[in-house]
file structure02.tsv (TSV, all heavy atoms)
chain	number	residue	atom	x	y	z
A	175	MET	N	-112.91	140.35	-45.22
A	175	MET	CA	-113.52	139.98	-46.47
A	175	MET	C	-114.82	140.77	-46.68
A	175	MET	O	-115.09	141.22	-47.79
A	175	MET	CB	-113.79	138.47	-46.47
A	175	MET	CG	-114.31	137.98	-47.79
A	175	MET	SD	-114.41	136.19	-48.08
A	175	MET	CE	-114.68	135.49	-46.51
A	176	LEU	N	-115.60	140.93	-45.62
A	176	LEU	CA	-116.86	141.67	-45.76
A	176	LEU	C	-116.62	143.16	-46.01
A	176	LEU	O	-117.39	143.79	-46.75
A	176	LEU	CB	-117.73	141.47	-44.52
A	176	LEU	CG	-118.33	140.07	-44.38
A	176	LEU	CD1	-119.09	139.95	-43.06
A	176	LEU	CD2	-119.23	139.73	-45.53
A	177	LEU	N	-115.58	143.70	-45.42
A	177	LEU	CA	-115.28	145.11	-45.68
A	177	LEU	C	-114.89	145.31	-47.14
A	177	LEU	O	-115.24	146.33	-47.75
A	177	LEU	CB	-114.17	145.60	-44.75
A	177	LEU	CG	-114.55	145.72	-43.28
A	177	LEU	CD1	-113.34	146.14	-42.45
A	177	LEU	CD2	-115.68	146.72	-43.10
A	178	ARG	N	-114.19	144.36	-47.72
A	178	ARG	CA	-113.84	144.44	-49.15
A	178	ARG	C	-115.10	144.36	-50.00
A	178	ARG	O	-115.25	145.10	-50.96
A	178	ARG	CB	-112.87	143.29	-49.49
A	178	ARG	CG	-112.53	143.20	-50.95
A	178	ARG	CD	-111.61	144.33	-51.39
A	178	ARG	NE	-111.26	144.12	-52.79
A	178	ARG	CZ	-111.36	145.05	-53.72
A	178	ARG	NH1	-111.75	146.27	-53.41
A	178	ARG	NH2	-111.06	144.80	-54.96
A	179	LEU	N	-116.02	143.47	-49.63
A	179	LEU	CA	-117.28	143.36	-50.35
A	179	LEU	C	-118.07	144.66	-50.25
A	179	LEU	O	-118.60	145.15	-51.25
A	179	LEU	CB	-118.12	142.21	-49.79
A	179	LEU	CG	-119.53	142.07	-50.37
A	179	LEU	CD1	-119.48	141.82	-51.87
A	179	LEU	CD2	-120.29	140.99	-49.64
A	180	ALA	N	-118.12	145.24	-49.07
A	180	ALA	CA	-118.83	146.51	-48.89
A	180	ALA	C	-118.22	147.59	-49.77
A	180	ALA	O	-118.94	148.39	-50.38
A	180	ALA	CB	-118.79	146.94	-47.42
A	181	ASP	N	-116.90	147.62	-49.89
A	181	ASP	CA	-116.23	148.59	-50.74
A	181	ASP	C	-116.58	148.37	-52.21
A	181	ASP	O	-116.83	149.32	-52.95
A	181	ASP	CB	-114.71	148.51	-50.53
A	181	ASP	CG	-113.97	149.59	-51.28
A	181	ASP	OD1	-114.37	150.77	-51.20
A	181	ASP	OD2	-112.99	149.26	-51.98
A	182	LEU	N	-116.62	147.11	-52.63
A	182	LEU	CA	-116.97	146.81	-54.02
A	182	LEU	C	-118.41	147.21	-54.34
A	182	LEU	O	-118.69	147.77	-55.40
A	182	LEU	CB	-116.77	145.32	-54.30
A	182	LEU	CG	-115.33	144.83	-54.32
A	182	LEU	CD1	-115.28	143.31	-54.38
A	182	LEU	CD2	-114.57	145.44	-55.47
A	183	VAL	N	-119.32	146.95	-53.41
A	183	VAL	CA	-120.72	147.34	-53.61
A	183	VAL	C	-120.83	148.86	-53.65
A	183	VAL	O	-121.58	149.41	-54.47
A	183	VAL	CB	-121.63	146.73	-52.53
A	183	VAL	CG1	-123.05	147.25	-52.65
A	183	VAL	CG2	-121.63	145.21	-52.62
A	184	LEU	N	-120.09	149.54	-52.80
A	184	LEU	CA	-120.11	151.00	-52.79
A	184	LEU	C	-119.63	151.56	-54.13
A	184	LEU	O	-120.21	152.50	-54.66
A	184	LEU	CB	-119.24	151.53	-51.65
A	184	LEU	CG	-119.18	153.04	-51.47
A	184	LEU	CD1	-120.57	153.61	-51.21
A	184	LEU	CD2	-118.24	153.40	-50.35
A	185	GLN	N	-118.58	150.96	-54.68
A	185	GLN	CA	-118.06	151.42	-55.97
A	185	GLN	C	-119.08	151.25	-57.09
A	185	GLN	O	-119.09	152.03	-58.04
A	185	GLN	CB	-116.79	150.64	-56.34
A	185	GLN	CG	-115.60	150.98	-55.48
A	185	GLN	CD	-114.41	150.09	-55.80
A	185	GLN	OE1	-114.34	149.47	-56.85
A	185	GLN	NE2	-113.48	150.01	-54.86
A	186	GLN	N	-119.93	150.24	-56.99
A	186	GLN	CA	-120.94	149.96	-58.01
A	186	GLN	C	-122.34	150.35	-57.53
A	186	GLN	O	-123.34	149.85	-58.05
A	186	GLN	CB	-120.92	148.47	-58.36
A	186	GLN	CG	-119.62	148.01	-58.98
A	186	GLN	CD	-119.38	148.66	-60.33
A	186	GLN	OE1	-120.28	148.80	-61.14
A	186	GLN	NE2	-118.15	149.08	-60.57
A	187	GLY	N	-122.41	151.25	-56.55
A	187	GLY	CA	-123.67	151.61	-55.94
A	187	GLY	C	-124.74	152.10	-56.91
A	187	GLY	O	-125.91	151.72	-56.79
A	188	GLU	N	-124.35	152.91	-57.85
A	188	GLU	CA	-125.31	153.43	-58.82
A	188	GLU	C	-125.87	152.32	-59.69
A	188	GLU	O	-127.06	152.29	-60.00
A	188	GLU	CB	-124.68	154.52	-59.67
A	188	GLU	CG	-124.44	155.81	-58.91
A	188	GLU	CD	-123.95	156.93	-59.80
A	188	GLU	OE1	-124.35	156.96	-60.98
A	188	GLU	OE2	-123.18	157.75	-59.31
A	189	THR	N	-125.02	151.38	-60.06
A	189	THR	CA	-125.47	150.24	-60.88
A	189	THR	C	-126.49	149.42	-60.12
A	189	THR	O	-127.53	149.04	-60.66
A	189	THR	CB	-124.28	149.36	-61.28
A	189	THR	OG1	-123.33	150.16	-62.00
A	189	THR	CG2	-124.72	148.19	-62.14
A	190	PHE	N	-126.20	149.14	-58.86
A	190	PHE	CA	-127.15	148.39	-58.03
A	190	PHE	C	-128.46	149.15	-57.87
A	190	PHE	O	-129.54	148.57	-57.95
A	190	PHE	CB	-126.56	148.08	-56.66
A	190	PHE	CG	-125.59	146.93	-56.65
A	190	PHE	CD1	-124.24	147.16	-56.51
A	190	PHE	CD2	-126.04	145.64	-56.79
A	190	PHE	CE1	-123.34	146.11	-56.50
A	190	PHE	CE2	-125.15	144.57	-56.78
A	190	PHE	CZ	-123.80	144.81	-56.65
A	191	ALA	N	-128.38	150.45	-57.65
A	191	ALA	CA	-129.59	151.25	-57.47
A	191	ALA	C	-130.45	151.25	-58.73
A	191	ALA	O	-131.68	151.13	-58.64
A	191	ALA	CB	-129.21	152.68	-57.08
A	192	VAL	N	-129.84	151.34	-59.88
A	192	VAL	CA	-130.59	151.31	-61.14
A	192	VAL	C	-131.28	149.96	-61.30
A	192	VAL	O	-132.46	149.89	-61.66
A	192	VAL	CB	-129.68	151.61	-62.34
A	192	VAL	CG1	-130.37	151.30	-63.66
A	192	VAL	CG2	-129.23	153.06	-62.31
A	193	ARG	N	-130.58	148.89	-60.99
A	193	ARG	CA	-131.17	147.55	-61.10
A	193	ARG	C	-132.34	147.38	-60.13
A	193	ARG	O	-133.37	146.81	-60.48
A	193	ARG	CB	-130.13	146.48	-60.86
A	193	ARG	CG	-129.17	146.33	-61.99
A	193	ARG	CD	-128.22	145.20	-61.76
A	193	ARG	NE	-127.30	145.11	-62.89
A	193	ARG	CZ	-126.34	144.24	-62.98
A	193	ARG	NH1	-126.16	143.36	-62.02
A	193	ARG	NH2	-125.55	144.22	-64.04
A	194	ILE	N	-132.16	147.84	-58.91
A	194	ILE	CA	-133.23	147.74	-57.91
A	194	ILE	C	-134.44	148.54	-58.38
A	194	ILE	O	-135.58	148.07	-58.27
A	194	ILE	CB	-132.73	148.24	-56.53
A	194	ILE	CG1	-131.70	147.26	-55.95
A	194	ILE	CG2	-133.90	148.43	-55.57
A	194	ILE	CD1	-130.95	147.81	-54.76
A	195	ALA	N	-134.19	149.73	-58.89
A	195	ALA	CA	-135.29	150.58	-59.35
A	195	ALA	C	-136.05	149.93	-60.51
A	195	ALA	O	-137.28	149.93	-60.55
A	195	ALA	CB	-134.76	151.95	-59.77
A	196	ARG	N	-135.32	149.36	-61.44
A	196	ARG	CA	-135.96	148.72	-62.60
A	196	ARG	C	-136.72	147.46	-62.21
A	196	ARG	O	-137.85	147.25	-62.64
A	196	ARG	CB	-134.92	148.38	-63.66
A	196	ARG	CG	-134.42	149.58	-64.41
A	196	ARG	CD	-133.44	149.16	-65.48
A	196	ARG	NE	-132.91	150.34	-66.17
A	196	ARG	CZ	-131.83	150.33	-66.91
A	196	ARG	NH1	-131.14	149.22	-67.07
A	196	ARG	NH2	-131.42	151.44	-67.49
A	197	GLU	N	-136.08	146.61	-61.42
A	197	GLU	CA	-136.69	145.33	-61.08
A	197	GLU	C	-137.82	145.47	-60.07
A	197	GLU	O	-138.81	144.75	-60.15
A	197	GLU	CB	-135.64	144.37	-60.54
A	197	GLU	CG	-134.65	143.92	-61.59
A	197	GLU	CD	-133.56	143.01	-61.04
A	197	GLU	OE1	-133.70	142.53	-59.89
A	197	GLU	OE2	-132.57	142.79	-61.75
A	198	GLY	N	-137.66	146.39	-59.13
A	198	GLY	CA	-138.66	146.53	-58.07
A	198	GLY	C	-139.67	147.62	-58.31
A	198	GLY	O	-140.62	147.78	-57.54
A	199	GLY	N	-139.44	148.42	-59.36
A	199	GLY	CA	-140.36	149.52	-59.64
A	199	GLY	C	-140.28	150.65	-58.63
A	199	GLY	O	-141.21	151.43	-58.49
A	200	LYS	N	-139.16	150.73	-57.93
A	200	LYS	CA	-138.98	151.78	-56.93
A	200	LYS	C	-138.40	153.03	-57.59
A	200	LYS	O	-137.71	152.94	-58.59
A	200	LYS	CB	-138.00	151.33	-55.84
A	200	LYS	CG	-138.48	150.21	-54.99
A	200	LYS	CD	-137.47	149.90	-53.91
A	200	LYS	CE	-138.04	148.84	-53.00
A	200	LYS	NZ	-137.25	148.70	-51.79
A	201	PRO	N	-138.65	154.18	-56.97
A	201	PRO	CA	-137.96	155.38	-57.44
A	201	PRO	C	-136.45	155.22	-57.22
A	201	PRO	O	-136.01	154.55	-56.29
A	201	PRO	CB	-138.51	156.50	-56.55
A	201	PRO	CG	-139.78	155.97	-55.99
A	201	PRO	CD	-139.62	154.48	-55.93
A	202	TYR	N	-135.68	155.86	-58.09
A	202	TYR	CA	-134.22	155.74	-58.02
A	202	TYR	C	-133.68	156.15	-56.64
A	202	TYR	O	-132.81	155.48	-56.09
A	202	TYR	CB	-133.56	156.57	-59.12
A	202	TYR	CG	-132.06	156.60	-59.03
A	202	TYR	CD1	-131.31	155.52	-59.45
A	202	TYR	CD2	-131.40	157.71	-58.52
A	202	TYR	CE1	-129.93	155.52	-59.37
A	202	TYR	CE2	-130.02	157.72	-58.43
A	202	TYR	CZ	-129.28	156.63	-58.86
A	202	TYR	OH	-127.92	156.64	-58.75
A	203	THR	N	-134.21	157.23	-56.09
A	203	THR	CA	-133.69	157.71	-54.79
A	203	THR	C	-133.94	156.68	-53.69
A	203	THR	O	-133.08	156.47	-52.84
A	203	THR	CB	-134.32	159.06	-54.39
A	203	THR	OG1	-135.74	158.96	-54.46
A	203	THR	CG2	-133.85	160.16	-55.32
A	204	ASP	N	-135.08	156.00	-53.72
A	204	ASP	CA	-135.35	154.94	-52.74
A	204	ASP	C	-134.42	153.75	-52.95
A	204	ASP	O	-133.96	153.14	-51.98
A	204	ASP	CB	-136.80	154.48	-52.83
A	204	ASP	CG	-137.79	155.53	-52.35
A	204	ASP	OD1	-137.35	156.53	-51.73
A	204	ASP	OD2	-139.00	155.36	-52.61
A	205	ALA	N	-134.16	153.43	-54.20
A	205	ALA	CA	-133.25	152.33	-54.50
A	205	ALA	C	-131.84	152.65	-54.05
A	205	ALA	O	-131.11	151.77	-53.57
A	205	ALA	CB	-133.28	152.03	-55.99
A	206	LEU	N	-131.44	153.89	-54.16
A	206	LEU	CA	-130.12	154.31	-53.70
A	206	LEU	C	-130.01	154.17	-52.18
A	206	LEU	O	-129.00	153.70	-51.65
A	206	LEU	CB	-129.84	155.74	-54.14
A	206	LEU	CG	-128.41	156.21	-54.21
A	206	LEU	CD1	-127.56	155.28	-55.07
A	206	LEU	CD2	-128.34	157.62	-54.72
A	207	VAL	N	-131.07	154.55	-51.48
A	207	VAL	CA	-131.10	154.39	-50.02
A	207	VAL	C	-131.00	152.91	-49.65
A	207	VAL	O	-130.27	152.53	-48.73
A	207	VAL	CB	-132.38	155.03	-49.42
A	207	VAL	CG1	-132.56	154.63	-47.97
A	207	VAL	CG2	-132.35	156.53	-49.57
A	208	GLU	N	-131.71	152.08	-50.38
A	208	GLU	CA	-131.67	150.63	-50.13
A	208	GLU	C	-130.27	150.09	-50.37
A	208	GLU	O	-129.80	149.22	-49.61
A	208	GLU	CB	-132.67	149.93	-51.04
A	208	GLU	CG	-132.85	148.48	-50.72
A	208	GLU	CD	-133.98	147.84	-51.49
A	208	GLU	OE1	-134.99	148.50	-51.75
A	208	GLU	OE2	-133.82	146.66	-51.85
A	209	THR	N	-129.58	150.57	-51.38
A	209	THR	CA	-128.21	150.15	-51.65
A	209	THR	C	-127.30	150.51	-50.48
A	209	THR	O	-126.50	149.70	-50.04
A	209	THR	CB	-127.71	150.80	-52.95
A	209	THR	OG1	-128.55	150.42	-54.02
A	209	THR	CG2	-126.28	150.36	-53.26
A	210	HIS	N	-127.45	151.72	-49.98
A	210	HIS	CA	-126.61	152.15	-48.84
A	210	HIS	C	-126.94	151.36	-47.58
A	210	HIS	O	-126.05	151.05	-46.78
A	210	HIS	CB	-126.75	153.65	-48.61
A	210	HIS	CG	-126.02	154.46	-49.65
A	210	HIS	ND1	-124.65	154.56	-49.70
A	210	HIS	CD2	-126.49	155.17	-50.69
A	210	HIS	CE1	-124.31	155.31	-50.72
A	210	HIS	NE2	-125.41	155.69	-51.35
A	211	ARG	N	-128.20	151.01	-47.42
A	211	ARG	CA	-128.60	150.17	-46.28
A	211	ARG	C	-127.95	148.79	-46.38
A	211	ARG	O	-127.52	148.24	-45.38
A	211	ARG	CB	-130.12	150.04	-46.24
A	211	ARG	CG	-130.66	150.08	-44.84
A	211	ARG	CD	-132.17	150.01	-44.79
A	211	ARG	NE	-132.74	151.28	-45.24
A	211	ARG	CZ	-133.89	151.41	-45.88
A	211	ARG	NH1	-134.62	150.35	-46.15
A	211	ARG	NH2	-134.33	152.57	-46.24
A	212	ALA	N	-127.88	148.26	-47.59
A	212	ALA	CA	-127.23	146.96	-47.80
A	212	ALA	C	-125.74	147.05	-47.47
A	212	ALA	O	-125.19	146.14	-46.84
A	212	ALA	CB	-127.43	146.51	-49.23
A	213	ILE	N	-125.11	148.13	-47.87
A	213	ILE	CA	-123.69	148.32	-47.57
A	213	ILE	C	-123.47	148.38	-46.07
A	213	ILE	O	-122.55	147.74	-45.53
A	213	ILE	CB	-123.15	149.60	-48.26
A	213	ILE	CG1	-123.15	149.40	-49.78
A	213	ILE	CG2	-121.74	149.93	-47.76
A	213	ILE	CD1	-122.95	150.68	-50.57
A	214	ASP	N	-124.33	149.09	-45.37
A	214	ASP	CA	-124.23	149.15	-43.90
A	214	ASP	C	-124.38	147.77	-43.28
A	214	ASP	O	-123.69	147.42	-42.33
A	214	ASP	CB	-125.29	150.10	-43.32
A	214	ASP	CG	-124.99	151.56	-43.58
A	214	ASP	OD1	-123.81	151.89	-43.88
A	214	ASP	OD2	-125.92	152.38	-43.49
A	215	GLY	N	-125.31	146.98	-43.83
A	215	GLY	CA	-125.51	145.63	-43.32
A	215	GLY	C	-124.30	144.73	-43.54
A	215	GLY	O	-123.97	143.91	-42.69
A	216	ILE	N	-123.63	144.89	-44.66
A	216	ILE	CA	-122.43	144.11	-44.96
A	216	ILE	C	-121.31	144.49	-44.00
A	216	ILE	O	-120.58	143.63	-43.52
A	216	ILE	CB	-121.99	144.30	-46.42
A	216	ILE	CG1	-123.03	143.71	-47.37
A	216	ILE	CG2	-120.63	143.63	-46.65
A	216	ILE	CD1	-122.83	144.10	-48.82
A	217	GLN	N	-121.20	145.79	-43.74
A	217	GLN	CA	-120.13	146.26	-42.84
A	217	GLN	C	-120.36	145.76	-41.44
A	217	GLN	O	-119.49	145.47	-40.68
A	217	GLN	CB	-120.05	147.78	-42.85
A	217	GLN	CG	-119.50	148.30	-44.13
A	217	GLN	CD	-119.50	149.82	-44.23
A	217	GLN	OE1	-120.29	150.48	-43.57
A	217	GLN	NE2	-118.65	150.37	-45.05
call {"tool": "encode", "arguments": {"input": "structure02.tsv", "output": "structure tokens"}}
result
Amino acid sequence: MLLRLADLVLQQGETFAVRIAREGGKPYTDALVETHRAIDGIQ
């Protein structure tokens, strides 16, 4: 189940990164790294 979730987050990675950047005021590249870190944590 978690691997499926990780795959879904990966498919929407750019969307998550944009939201993180907007809400947290982070640069997009940092938000993208944070998204990938979250995917690693789920896996």
call {"tool": "residues_around", "arguments": {"input": "structure02.tsv", "residues": "region 209-211 of chain A", "least_positions_apart": "6", "cutoff": "5 Å", "atoms": "all heavy atoms", "output": "ChimeraX atom specification"}}
result
/A:183-184,187,190-191,194
call {"tool": "write_last_selection", "arguments": {"input": "structure02.tsv", "atoms": "all heavy atoms", "output": "compact mmCIF listing (two decimals), in the frame of the given file"}}
result
# COMPACT_ATOMS: atom_id res chain seq x y z
N VAL A 183 -119.32 146.95 -53.41
CA VAL A 183 -120.72 147.34 -53.61
C VAL A 183 -120.83 148.86 -53.65
O VAL A 183 -121.58 149.41 -54.47
CB VAL A 183 -121.63 146.73 -52.53
CG1 VAL A 183 -123.05 147.25 -52.65
CG2 VAL A 183 -121.63 145.21 -52.62
N LEU A 184 -120.09 149.54 -52.80
CA LEU A 184 -120.11 151.00 -52.79
C LEU A 184 -119.63 151.56 -54.13
O LEU A 184 -120.21 152.50 -54.66
CB LEU A 184 -119.24 151.53 -51.65
CG LEU A 184 -119.18 153.04 -51.47
CD1 LEU A 184 -120.57 153.61 -51.21
CD2 LEU A 184 -118.24 153.40 -50.35
N GLY A 187 -122.41 151.25 -56.55
CA GLY A 187 -123.67 151.61 -55.94
C GLY A 187 -124.74 152.10 -56.91
O GLY A 187 -125.91 151.72 -56.79
N PHE A 190 -126.20 149.14 -58.86
CA PHE A 190 -127.15 148.39 -58.03
C PHE A 190 -128.46 149.15 -57.87
O PHE A 190 -129.54 148.57 -57.95
CB PHE A 190 -126.56 148.08 -56.66
CG PHE A 190 -125.59 146.93 -56.65
CD1 PHE A 190 -124.24 147.16 -56.51
CD2 PHE A 190 -126.04 145.64 -56.79
CE1 PHE A 190 -123.34 146.11 -56.50
CE2 PHE A 190 -125.15 144.57 -56.78
CZ PHE A 190 -123.80 144.81 -56.65
N ALA A 191 -128.38 150.45 -57.65
CA ALA A 191 -129.59 151.25 -57.47
C ALA A 191 -130.45 151.25 -58.73
O ALA A 191 -131.68 151.13 -58.64
CB ALA A 191 -129.21 152.68 -57.08
N ILE A 194 -132.16 147.84 -58.91
CA ILE A 194 -133.23 147.74 -57.91
C ILE A 194 -134.44 148.54 -58.38
O ILE A 194 -135.58 148.07 -58.27
CB ILE A 194 -132.73 148.24 -56.53
CG1 ILE A 194 -131.70 147.26 -55.95
CG2 ILE A 194 -133.90 148.43 -55.57
CD1 ILE A 194 -130.95 147.81 -54.76
call {"tool": "atom_distance", "arguments": {"input": "structure02.tsv", "atom1": "NE of Arg196 (chain A)", "atom2": "atom O of Glu208 (chain A)"}}
result
16.9 Å
call {"tool": "residues_around", "arguments": {"input": "structure02.tsv", "residues": "Leu177 (chain A)", "least_positions_apart": "4", "cutoff": "6 Å", "atoms": "all heavy atoms", "output": "list in words"}}
result
Asp181, Leu182, Ile216 and Gln217 of chain A
call {"tool": "residues_around", "arguments": {"input": "structure02.tsv", "residues": "Tyr202 (chain A)", "least_positions_apart": "4", "cutoff": "6 Å", "atoms": "all atoms listed in the file", "output": "PyMOL selection string"}}
result
chain A and resi 187-188+191-192+195+206-207
call {"tool": "write_last_selection", "arguments": {"input": "structure02.tsv", "atoms": "all heavy atoms", "output": "mmCIF file, in the frame of the given file"}}
result
data_model
loop_
_atom_site.group_PDB
_atom_site.id
_atom_site.type_symbol
_atom_site.label_atom_id
_atom_site.label_comp_id
_atom_site.auth_asym_id
_atom_site.auth_seq_id
_atom_site.Cartn_x
_atom_site.Cartn_y
_atom_site.Cartn_z
ATOM 1 N N GLY A 187 -122.410 151.250 -56.550
ATOM 2 C CA GLY A 187 -123.670 151.610 -55.940
ATOM 3 C C GLY A 187 -124.740 152.100 -56.910
ATOM 4 O O GLY A 187 -125.910 151.720 -56.790
ATOM 5 N N GLU A 188 -124.350 152.910 -57.850
ATOM 6 C CA GLU A 188 -125.310 153.430 -58.820
ATOM 7 C C GLU A 188 -125.870 152.320 -59.690
ATOM 8 O O GLU A 188 -127.060 152.290 -60.000
ATOM 9 C CB GLU A 188 -124.680 154.520 -59.670
ATOM 10 C CG GLU A 188 -124.440 155.810 -58.910
ATOM 11 C CD GLU A 188 -123.950 156.930 -59.800
ATOM 12 O OE1 GLU A 188 -124.350 156.960 -60.980
ATOM 13 O OE2 GLU A 188 -123.180 157.750 -59.310
ATOM 14 N N ALA A 191 -128.380 150.450 -57.650
ATOM 15 C CA ALA A 191 -129.590 151.250 -57.470
ATOM 16 C C ALA A 191 -130.450 151.250 -58.730
ATOM 17 O O ALA A 191 -131.680 151.130 -58.640
ATOM 18 C CB ALA A 191 -129.210 152.680 -57.080
ATOM 19 N N VAL A 192 -129.840 151.340 -59.880
ATOM 20 C CA VAL A 192 -130.590 151.310 -61.140
ATOM 21 C C VAL A 192 -131.280 149.960 -61.300
ATOM 22 O O VAL A 192 -132.460 149.890 -61.660
ATOM 23 C CB VAL A 192 -129.680 151.610 -62.340
ATOM 24 C CG1 VAL A 192 -130.370 151.300 -63.660
ATOM 25 C CG2 VAL A 192 -129.230 153.060 -62.310
ATOM 26 N N ALA A 195 -134.190 149.730 -58.890
ATOM 27 C CA ALA A 195 -135.290 150.580 -59.350
ATOM 28 C C ALA A 195 -136.050 149.930 -60.510
ATOM 29 O O ALA A 195 -137.280 149.930 -60.550
ATOM 30 C CB ALA A 195 -134.760 151.950 -59.770
ATOM 31 N N LEU A 206 -131.440 153.890 -54.160
ATOM 32 C CA LEU A 206 -130.120 154.310 -53.700
ATOM 33 C C LEU A 206 -130.010 154.170 -52.180
ATOM 34 O O LEU A 206 -129.000 153.700 -51.650
ATOM 35 C CB LEU A 206 -129.840 155.740 -54.140
ATOM 36 C CG LEU A 206 -128.410 156.210 -54.210
ATOM 37 C CD1 LEU A 206 -127.560 155.280 -55.070
ATOM 38 C CD2 LEU A 206 -128.340 157.620 -54.720
ATOM 39 N N VAL A 207 -131.070 154.550 -51.480
ATOM 40 C CA VAL A 207 -131.100 154.390 -50.020
ATOM 41 C C VAL A 207 -131.000 152.910 -49.650
ATOM 42 O O VAL A 207 -130.270 152.530 -48.730
ATOM 43 C CB VAL A 207 -132.380 155.030 -49.420
ATOM 44 C CG1 VAL A 207 -132.560 154.630 -47.970
ATOM 45 C CG2 VAL A 207 -132.350 156.530 -49.570
#
call {"tool": "atom_distance", "arguments": {"input": "structure02.tsv", "atom1": "NH2 of Arg193 (chain A)", "atom2": "atom N of Met175 (chain A)"}}
result
23.0 Å
call {"tool": "atom_distance", "arguments": {"input": "structure02.tsv", "atom1": "CG of Pro201 (chain A)", "atom2": "atom N of Thr189 (chain A)"}}
result
16.0 Å
call {"tool": "axis_aligned_box", "arguments": {"input": "structure02.tsv", "around": "region 196-212 of chain A", "padding_each_side": "3 Å", "output": "lines of an AutoDock Vina configuration file"}}
result
center_x = -132.8
center_y = 151.3
center_z = -56.1
size_x = 22.9
size_y = 23.6
size_z = 28.7
